[in-house]
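Novice: The file below is my_file.txt, compact mmCIF, C-alpha atoms:
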# COMPACT_ATOMS: atom_id res chain seq x y z
CA MET A 18 -114.93 26.23 28.02
CA ASP A 19 -118.14 24.69 26.88
CA LEU A 20 -119.36 21.09 27.09
CA SER A 21 -117.95 20.10 23.67
CA ASP A 22 -114.49 21.27 24.75
CA ILE A 23 -114.71 19.22 27.93
CA LEU A 24 -115.88 16.17 26.00
CA SER A 25 -113.07 16.67 23.47
CA LEU A 26 -110.49 16.75 26.29
CA GLY A 27 -112.02 13.64 27.83
CA SER A 28 -111.96 11.86 24.48
CA PHE A 29 -108.33 12.90 24.03
CA GLY A 30 -107.39 11.45 27.42
CA LEU A 31 -109.24 8.19 26.86
CA THR A 32 -107.77 7.73 23.40
CA LEU A 33 -104.25 8.38 24.67
CA PHE A 34 -104.72 5.96 27.58
CA SER A 35 -106.18 3.33 25.25
CA ASN A 36 -103.26 3.64 22.81
CA ILE A 37 -100.68 3.32 25.58
CA SER A 38 -102.51 0.33 27.07
CA GLN A 39 -102.73 -1.29 23.66
CA ARG A 40 -99.00 -0.77 23.07
CA ASN A 41 -98.20 -2.39 26.43
CA GLU A 42 -100.45 -5.35 25.62
CA TYR A 43 -98.75 -5.81 22.26
CA ARG A 44 -95.37 -5.85 24.00
CA ARG A 45 -96.60 -8.48 26.47
CA GLN A 46 -97.88 -10.55 23.57
CA GLU A 47 -94.58 -10.26 21.74
CA ASN A 48 -92.67 -11.46 24.81
CA SER A 49 -95.13 -14.31 25.29
CA TYR A 50 -94.79 -15.43 21.67
CA LEU A 51 -91.00 -15.31 21.88
CA GLN A 52 -91.12 -17.48 25.01
CA GLN A 53 -93.47 -19.89 23.23
CA ALA A 54 -91.06 -20.11 20.30
CA GLU A 55 -88.15 -20.98 22.59
CA LEU A 56 -90.23 -23.52 24.50
CA ASN A 57 -91.46 -25.16 21.28
CA LYS A 58 -87.88 -25.36 20.03
CA ARG A 59 -86.73 -27.10 23.21
CA ILE A 60 -89.69 -29.49 23.24
CA GLY A 61 -89.04 -30.40 19.61
CA GLN A 62 -85.38 -31.09 20.32
CA LEU A 63 -86.26 -33.21 23.35
CA ASN A 64 -88.88 -35.22 21.44
CA ALA A 65 -86.45 -35.78 18.57
CA GLU A 66 -83.76 -37.00 20.97
CA VAL A 67 -86.23 -39.33 22.69
CA ALA A 68 -87.38 -40.73 19.34
CA GLU A 69 -83.75 -41.31 18.30
CA ARG A 70 -82.89 -43.01 21.59
CA THR A 71 -86.06 -45.08 21.64
CA GLY A 72 -85.51 -46.22 18.06
CA THR A 73 -81.92 -47.23 18.76
CA GLU A 74 -82.85 -49.07 21.95
CA THR A 75 -85.76 -50.84 20.25
CA MET A 76 -83.51 -51.88 17.38
CA TYR A 77 -80.91 -53.35 19.76
CA ALA A 78 -83.64 -55.08 21.77
CA ILE A 79 -84.97 -56.73 18.61
CA VAL A 80 -81.45 -57.76 17.56
CA ASN A 81 -80.81 -59.27 21.01
CA GLN A 82 -84.19 -61.04 20.98
CA THR A 83 -83.42 -62.46 17.55
CA LYS A 84 -80.03 -63.72 18.77
CA LYS A 85 -81.73 -65.37 21.75
CA MET A 86 -84.29 -67.03 19.48
CA LEU A 87 -81.56 -68.30 17.19
CA GLY A 88 -79.50 -69.56 20.12
CA SER A 89 -82.41 -71.30 21.83
CA ASN A 90 -83.46 -72.98 18.55
CA ILE A 91 -79.90 -74.16 17.89
CA VAL A 92 -79.62 -75.60 21.42
CA ALA A 93 -83.07 -77.22 21.27
CA TRP A 94 -82.40 -78.84 17.90
CA SER A 95 -78.90 -79.92 18.90
CA ASN A 96 -80.28 -81.54 22.08
CA ARG A 97 -82.74 -83.49 19.92
CA GLY A 98 -79.98 -84.57 17.58
CA VAL A 99 -81.23 -82.56 14.62
CA GLU A 100 -78.46 -81.62 12.22
CA LEU A 101 -78.40 -77.94 11.24
CA ASP A 102 -78.54 -78.67 7.52
CA GLY A 103 -81.42 -78.14 5.13
CA SER A 104 -84.77 -77.16 6.67
CA PRO A 105 -83.42 -76.25 10.14
CA MET A 106 -80.89 -73.90 8.52
CA LEU A 107 -83.66 -72.36 6.42
CA VAL A 108 -85.71 -71.80 9.58
CA LEU A 109 -82.73 -70.21 11.36
CA GLY A 110 -82.05 -68.03 8.32
CA GLU A 111 -85.68 -66.96 8.21
CA ILE A 112 -85.59 -66.06 11.93
CA ALA A 113 -82.42 -64.01 11.38
CA THR A 114 -83.88 -62.28 8.29
CA MET A 115 -87.17 -61.45 10.01
CA GLY A 116 -85.35 -60.16 13.09
CA GLN A 117 -83.08 -57.96 10.96
CA ALA A 118 -86.05 -56.60 8.98
CA GLU A 119 -87.97 -55.86 12.18
CA ALA A 120 -84.95 -54.07 13.70
CA GLN A 121 -84.50 -51.98 10.55
CA ASN A 122 -88.20 -51.17 10.47
CA ALA A 123 -88.17 -50.06 14.12
CA TYR A 124 -85.15 -47.82 13.52
CA PHE A 125 -86.68 -46.38 10.33
CA ASN A 126 -89.97 -45.59 12.13
CA ALA A 127 -88.03 -43.90 14.93
CA GLN A 128 -86.17 -41.74 12.40
CA VAL A 129 -89.45 -40.77 10.73
CA GLN A 130 -90.91 -39.86 14.12
CA LYS A 131 -87.78 -37.84 14.95
CA ILE A 132 -88.07 -35.87 11.70
CA ASN A 133 -91.80 -35.28 12.32
CA TYR A 134 -91.03 -33.91 15.79
CA GLN A 135 -88.40 -31.60 14.32
CA LEU A 136 -90.75 -30.39 11.57
CA ASN A 137 -93.61 -29.82 14.02
CA ALA A 138 -91.28 -27.90 16.33
CA ASN A 139 -90.02 -25.76 13.44
CA GLN A 140 -93.59 -24.97 12.39
CA ALA A 141 -94.57 -24.06 15.97
CA VAL A 142 -91.47 -21.88 16.35
CA SER A 143 -92.15 -20.18 13.02
CA SER A 144 -95.78 -19.53 13.95
CA ALA A 145 -94.83 -18.07 17.33
CA MET A 146 -92.13 -15.90 15.75
CA ASN A 147 -94.63 -14.59 13.16
CA SER A 148 -97.08 -13.76 15.94
CA ALA A 149 -94.31 -12.01 17.89
CA GLU A 150 -93.44 -9.97 14.80
CA GLN A 151 -97.09 -8.97 14.34
CA ALA A 152 -97.30 -7.96 18.00
CA LYS A 153 -94.12 -5.88 17.64
CA TYR A 154 -95.59 -3.98 14.69
CA GLY A 155 -98.87 -3.60 16.58
CA ALA A 156 -96.96 -1.98 19.45
CA PHE A 157 -95.18 0.30 16.99
CA SER A 158 -98.50 1.27 15.42
CA SER A 159 -99.94 2.03 18.86
CA MET A 160 -96.96 4.27 19.63
CA ILE A 161 -97.57 6.19 16.41
CA GLN A 162 -101.27 6.47 17.24
CA SER A 163 -100.32 7.79 20.70
CA ALA A 164 -98.06 10.43 19.17
CA MET A 165 -100.80 11.45 16.74
CA THR A 166 -103.29 11.63 19.62
CA VAL A 167 -100.93 13.86 21.61
CA LYS A 168 -100.55 16.14 18.58
CA ARG A 169 -104.34 16.34 18.14
CA GLY A 170 -104.64 17.09 21.86
CA LEU A 171 -102.11 19.91 21.62
CA ASP A 172 -103.90 21.28 18.57
CA LEU A 173 -107.18 21.10 20.48
CA ALA A 174 -105.67 22.88 23.49
CA LYS A 175 -104.24 25.64 21.24
CA SER A 176 -107.59 26.01 19.53
CA MET A 177 -109.40 26.19 22.86
CA MET A 178 -106.98 28.77 24.19
CA ALA A 179 -107.24 30.85 21.04
CA SER A 180 -111.02 30.95 21.30
CA SER A 181 -111.07 31.38 25.08
CA ASN A 182 -112.36 34.52 26.82
CA LEU A 183 -108.98 34.77 28.55
CA ASN A 184 -107.39 35.96 25.32
CA SER A 185 -109.75 38.94 25.15
CA MET A 186 -108.50 40.18 28.55
CA ASN A 187 -105.63 42.61 28.58
CA VAL A 188 -102.95 40.42 30.22
CA ASN A 189 -99.26 41.28 29.78
CA SER A 190 -97.68 38.11 31.18
CA SER A 191 -96.21 35.78 28.59
CA ASN A 192 -94.90 33.12 31.01
CA SER A 193 -97.86 30.74 31.11
CA THR A 194 -101.59 30.39 30.88
CA ILE A 195 -101.83 30.10 34.66
CA GLY A 196 -99.82 33.31 35.08
CA SER A 197 -102.22 34.98 32.67
CA LEU A 198 -105.19 33.79 34.69
CA LYS A 199 -103.69 35.07 37.97
CA GLU A 200 -102.94 38.50 36.51
CA GLY A 201 -106.41 38.68 35.01
CA MET A 202 -108.01 37.97 38.39
CA MET A 203 -105.97 40.61 40.17
CA LYS A 204 -107.20 43.43 37.95
Give the structure from the file, written as C-alpha cells.
Specialist:
Amino acid sequence: MDLSDILSLGSFGLTLFSNISQRNEYRRQENSYLQQAELNKRIGQLNAEVAERTGTETMYAIVNQTKKMLGSNIVAWSNRGVELDGSPMLVLGEIATMGQAEAQNAYFNAQVQKINYQLNANQAVSSAMNSAEQAKYGAFSSMIQSAMTVKRGLDLAKSMMASSNLNSMNVNSSNSTIGSLKEGMMK
C-alpha cells in the first residue's frame, strides 16, 4: 500500500462520515420544522380565538356604554323637565347610532384581525412544512451519497487488493484476505 492508497482510504472514511452526519442533521432539521409548523398552527388558532373574543367583548362593552349614556341623558333631561321630543330625541338617536356604529366597527376590526392571524399562521405553517420537505429530501440525497461512497470504497478496496503484492504470493486459502496473509507469513 502506498501513500495514495492510504489517502484514498482516509478520504473514503471522511466522505462516508460526512454524508452520514449530513443525513442526521437533515433529519433533525425536518423534525424541527415539523414542530415549528405545529406550534405556528396552535399560535395562529389561539390568536384568532383571542381576537374573536376580544372583538365580541369590546362590542358588548360599547353597546352597554351606549345604553348607559342614553339612560343617563334621559334621566338628566327628565329631572330638568325637558320633554323627549324634537332636539333631545335627535340627540338620543345620534348617541344610539354612533354607539351602534362604533360597536360594529370594533367587531369588524376584530374579525379582520382574526383572519390576519389565521392567514399568518397558515403562511408560517406552509413555510415550515416546505422547509421540512426540503430537509427530508436532503436526508434522502445524503443517504444516496453514502451508498455511492460505500460502493466507491469497495471498488477502491478491490482495486487495491488486485494490485497488492499479496496477490503475487502463492496462497491457497480462499476464506479471507487475513487468512491469505497468515498463510503467506507461515511459508
Novice: Do you have the CA of Gly30 (chain A)-CA of Arg45 (chain A) distance handy?
Specialist: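 These two atoms are separated by 22.7 Å.
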Novice: With all atoms listed in the file as the counted atoms, please give the residues lying no more than 8 Å from Gln46 (chain A), apart from itself and same-chain residues fewer than 3 positions off, as an mmCIF file with C-alpha atoms, in the coordinates of the input.
Specialist:
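This is the output file selection-v1.cif:
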data_model
loop_
_atom_site.group_PDB
_atom_site.id
_atom_site.type_symbol
_atom_site.label_atom_id
_atom_site.label_comp_id
_atom_site.auth_asym_id
_atom_site.auth_seq_id
_atom_site.Cartn_x
_atom_site.Cartn_y
_atom_site.Cartn_z
ATOM 1 C CA GLU A 42 -100.450 -5.350 25.620
ATOM 2 C CA TYR A 43 -98.750 -5.810 22.260
ATOM 3 C CA SER A 49 -95.130 -14.310 25.290
ATOM 4 C CA TYR A 50 -94.790 -15.430 21.670
ATOM 5 C CA ALA A 149 -94.310 -12.010 17.890
ATOM 6 C CA ALA A 152 -97.300 -7.960 18.000
#
Novice: Could you pull the residues within 12 Å of Ala78 (chain A), counting only C-alpha atoms, minus those fewer than 4 positions along the same chain, as a list in words?
Specialist: Thr71, Gly72, Thr73, Glu74, Gln82, Thr83, Lys84, Lys85, Gly116, Gln117, Glu119, Ala120, Gln121, Ala123 and Tyr124 of chain A
Novice: With all atoms listed in the file as the atoms that count, which of A:Leu51, A:Ile37, A:Ala127, A:Gly103 lies nearest to Thr75 (chain A)?
Specialist: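 For Thr75 (chain A), the nearest of the given residues is A:Ala127.
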Novice: Which is closer to Met146 (chain A) than all the others in A:Ile112, A:Met76, A:Leu56, A:Leu63, using all atoms listed in the file?
Specialist: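 Closest candidate: A:Leu56.
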Novice: Using CA of Thr114 (chain A) and CA of Ile79 (chain A) as the two end points, give the distance in Å to one decimal.
Specialist: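 So the answer is 11.8 Å.
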Novice: Please report the interatomic distance between CA of Asn64 (chain A) and CA of Glu47 (chain A) in Å with one decimal.
Specialist: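 So the answer is 25.6 Å.
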